[in-house]
Amino acid sequence: MADQQRIHPVTHDVEAPQTPTVPLMPRNSSKSDQGDPAAQQYPPFQRTFPVKHSKPPKKRSCCCKCLCWTLSLLLILIVVIGIIIGILYLVFRPKLPDFSIDRLQITQFNLSSDSSLSAAFDVTITATNPNEKIGIYYEGGSHIGVWYSGTKLCEGSLPKFYQGHENTTVLNVPLTGHTQDAAGLLTSLQQQQQATGIIPLNLRVKQPVRIKLGKLKLFEIKFLVKCKLDVDSLSTNNDISIRNSSCKFSLNL
């Protein structure tokens, strides 16, 4: 019995310390081709923001700058001129001149054989300057005309002269005219006189003048005068009776 029992040798030392075996993969973990996820190291997470580049400021063109400067200078000039005009107005207190038609005489008013009308008027005009500190230079190039129903009968010009402060000047102005195909016009004048006893005429004056402020002579402007006359007749070689007369005065810069 004893011979039949065999003792098999142990290939390892029982008394040697036992080293526990470590599994290749931890339990409850999935297999990964990249190895152990815990052993891998990742860089810290950084959030990136899109970079916005600010647009460079727009450069104004030379034309825009020139326009702005021009408008600014023009505005300043207008303000300065307005201040100067205001000061001059307060100092000189300007008033418009006054015109009146005092006398009308017809020296010629004849219808020729070719139906043309020849007319010659002598008009007496009184011009008054009511200003205390302003003188008026009546320059050459004026025009005065007498009209009936849109047809000019005669024309002329005022003389060149200087009118001082608060001065009244009486002017005798000759006017002449020649109208073609005036047979119908003469008939209309006669019918107007017989029907109403008056003949309406329009007298217009365009006069360039220069204003004198103290010793300063300003630039040239134009006076415009429109007068409405009601006369009793247009007979020759007689003083015409002026039934009604009114004049409007204006400036044309």
# chains A, B, ... in the order shown; residues from 1 in each chain; ligands from 1
$ closest_atom_pairs --of "stretch 124-177 of chain A" --to "stretch 80-93 of chain A" --cutoff "8 Å" --atoms "only C-alpha atoms" --output "CSV"
residue,atom,partner,partner_atom,distance
A:Asn131,CA,A:Arg93,CA,7.7
A:Glu132,CA,A:Phe92,CA,7.8
A:Lys133,CA,A:Phe92,CA,5.9
A:Ile134,CA,A:Phe92,CA,7.1
$ write_last_selection --atoms "N, CA and C atoms" --output "mmCIF file, in the first residue's frame"
data_model
loop_
_atom_site.group_PDB
_atom_site.id
_atom_site.type_symbol
_atom_site.label_atom_id
_atom_site.label_comp_id
_atom_site.auth_asym_id
_atom_site.auth_seq_id
_atom_site.Cartn_x
_atom_site.Cartn_y
_atom_site.Cartn_z
ATOM 1 N N ASN A 131 -35.819 159.299 -48.225
ATOM 2 C CA ASN A 131 -34.796 158.855 -47.266
ATOM 3 C C ASN A 131 -33.963 160.031 -46.756
ATOM 4 N N GLU A 132 -33.661 159.996 -45.458
ATOM 5 C CA GLU A 132 -32.875 161.050 -44.829
ATOM 6 C C GLU A 132 -31.363 160.849 -44.984
ATOM 7 N N LYS A 133 -30.918 159.582 -45.162
ATOM 8 C CA LYS A 133 -29.481 159.301 -45.204
ATOM 9 C C LYS A 133 -29.063 158.534 -46.458
ATOM 10 N N ILE A 134 -29.958 158.434 -47.439
ATOM 11 C CA ILE A 134 -29.687 157.632 -48.633
ATOM 12 C C ILE A 134 -29.886 158.486 -49.876
#
$ residues_around --residues "A:Gly164" --least-positions-apart "6" --cutoff "8 Å" --atoms "only C-alpha atoms" --output "list in words"
Asn129, Ile134, Gly135 and Ile136 of chain A
$ atom_distance --atom1 "atom CA of A:Gln105" --atom2 "atom CA of A:Lys152"
16.8 Å
$ residues_around --residues "stretch 167-178 of chain A" --least-positions-apart "6" --cutoff "12 Å" --atoms "only C-alpha atoms" --output "PDB file with C-alpha atoms, in the first residue's frame"
ATOM      1  CA  PRO A  97     -38.910 156.114 -53.705  1.00  0.00           C
ATOM      2  CA  ASP A  98     -42.270 157.436 -54.835  1.00  0.00           C
ATOM      3  CA  PHE A  99     -43.402 158.031 -58.430  1.00  0.00           C
ATOM      4  CA  SER A 100     -46.475 159.882 -59.687  1.00  0.00           C
ATOM      5  CA  ILE A 101     -47.747 160.830 -63.157  1.00  0.00           C
ATOM      6  CA  ASP A 102     -48.761 164.481 -63.007  1.00  0.00           C
ATOM      7  CA  ARG A 103     -49.329 165.444 -66.631  1.00  0.00           C
ATOM      8  CA  LEU A 104     -49.831 163.794 -70.011  1.00  0.00           C
ATOM      9  CA  GLN A 105     -49.804 165.663 -73.307  1.00  0.00           C
ATOM     10  CA  ILE A 106     -50.202 164.121 -76.761  1.00  0.00           C
ATOM     11  CA  THR A 107     -48.338 165.905 -79.569  1.00  0.00           C
ATOM     12  CA  GLN A 108     -48.994 163.290 -82.247  1.00  0.00           C
ATOM     13  CA  PHE A 109     -51.545 160.518 -82.626  1.00  0.00           C
ATOM     14  CA  ASN A 110     -52.226 159.943 -86.317  1.00  0.00           C
ATOM     15  CA  LEU A 111     -53.235 156.992 -88.456  1.00  0.00           C
ATOM     16  CA  SER A 112     -51.424 157.021 -91.816  1.00  0.00           C
ATOM     17  CA  ASP A 114     -50.863 152.310 -94.575  1.00  0.00           C
ATOM     18  CA  SER A 115     -52.802 151.816 -91.298  1.00  0.00           C
ATOM     19  CA  SER A 116     -49.747 152.524 -89.127  1.00  0.00           C
ATOM     20  CA  LEU A 117     -50.162 154.648 -86.017  1.00  0.00           C
ATOM     21  CA  SER A 118     -47.608 157.309 -85.080  1.00  0.00           C
ATOM     22  CA  ALA A 119     -47.756 158.541 -81.480  1.00  0.00           C
ATOM     23  CA  ALA A 120     -45.790 161.104 -79.452  1.00  0.00           C
ATOM     24  CA  PHE A 121     -46.476 161.751 -75.753  1.00  0.00           C
ATOM     25  CA  ASP A 122     -44.977 164.183 -73.250  1.00  0.00           C
ATOM     26  CA  VAL A 123     -45.198 162.759 -69.722  1.00  0.00           C
ATOM     27  CA  THR A 124     -44.461 164.691 -66.548  1.00  0.00           C
ATOM     28  CA  ILE A 125     -43.225 162.422 -63.730  1.00  0.00           C
ATOM     29  CA  THR A 126     -42.526 163.439 -60.149  1.00  0.00           C
ATOM     30  CA  ALA A 127     -39.904 161.291 -58.391  1.00  0.00           C
ATOM     31  CA  THR A 128     -39.497 161.634 -54.624  1.00  0.00           C
ATOM     32  CA  ASN A 129     -36.693 160.290 -52.441  1.00  0.00           C
ATOM     33  CA  PRO A 130     -38.043 160.132 -48.852  1.00  0.00           C
ATOM     34  CA  ASN A 131     -34.796 158.855 -47.266  1.00  0.00           C
ATOM     35  CA  GLU A 132     -32.875 161.050 -44.829  1.00  0.00           C
ATOM     36  CA  LYS A 133     -29.481 159.301 -45.204  1.00  0.00           C
ATOM     37  CA  ILE A 134     -29.687 157.632 -48.633  1.00  0.00           C
ATOM     38  CA  GLY A 135     -29.010 159.129 -52.067  1.00  0.00           C
ATOM     39  CA  ILE A 136     -30.060 157.613 -55.395  1.00  0.00           C
ATOM     40  CA  TYR A 138     -30.406 157.142 -61.650  1.00  0.00           C
ATOM     41  CA  SER A 142     -33.755 153.010 -68.363  1.00  0.00           C
ATOM     42  CA  HIS A 143     -36.939 152.261 -70.288  1.00  0.00           C
ATOM     43  CA  ILE A 144     -40.422 153.735 -70.039  1.00  0.00           C
ATOM     44  CA  GLY A 145     -43.423 152.715 -72.144  1.00  0.00           C
ATOM     45  CA  VAL A 146     -47.143 153.417 -72.449  1.00  0.00           C
ATOM     46  CA  TRP A 147     -49.456 150.481 -73.269  1.00  0.00           C
ATOM     47  CA  THR A 151     -50.201 147.084 -77.356  1.00  0.00           C
ATOM     48  CA  LYS A 152     -47.304 149.464 -76.810  1.00  0.00           C
ATOM     49  CA  LEU A 153     -48.170 152.937 -78.065  1.00  0.00           C
ATOM     50  CA  CYS A 154     -44.896 154.762 -77.349  1.00  0.00           C
ATOM     51  CA  GLU A 155     -41.652 154.477 -75.373  1.00  0.00           C
ATOM     52  CA  GLY A 156     -38.650 156.456 -74.149  1.00  0.00           C
ATOM     53  CA  SER A 157     -36.152 156.691 -71.266  1.00  0.00           C
ATOM     54  CA  LEU A 158     -35.580 158.683 -68.111  1.00  0.00           C
ATOM     55  CA  PRO A 159     -32.600 161.047 -67.909  1.00  0.00           C
ATOM     56  CA  LYS A 160     -29.510 160.196 -65.896  1.00  0.00           C
ATOM     57  CA  PHE A 161     -29.264 162.180 -62.649  1.00  0.00           C
ATOM     58  CA  LEU A 203     -47.213 153.065 -67.894  1.00  0.00           C
ATOM     59  CA  VAL A 205     -40.722 152.081 -65.951  1.00  0.00           C
TER      60      VAL A 205
END
$ atom_distance --atom1 "atom CA of A:Arg243" --atom2 "atom CA of A:Asp230"
5.3 Å
$ closest_residue --among "A:Val231, A:Ile76, A:Leu224, A:Ile242" --to "A:Val209" --atoms "only C-alpha atoms"
A:Leu224
$ atom_distance --atom1 "atom CA of A:Lys248" --atom2 "atom CA of A:Ile198"
21.0 Å
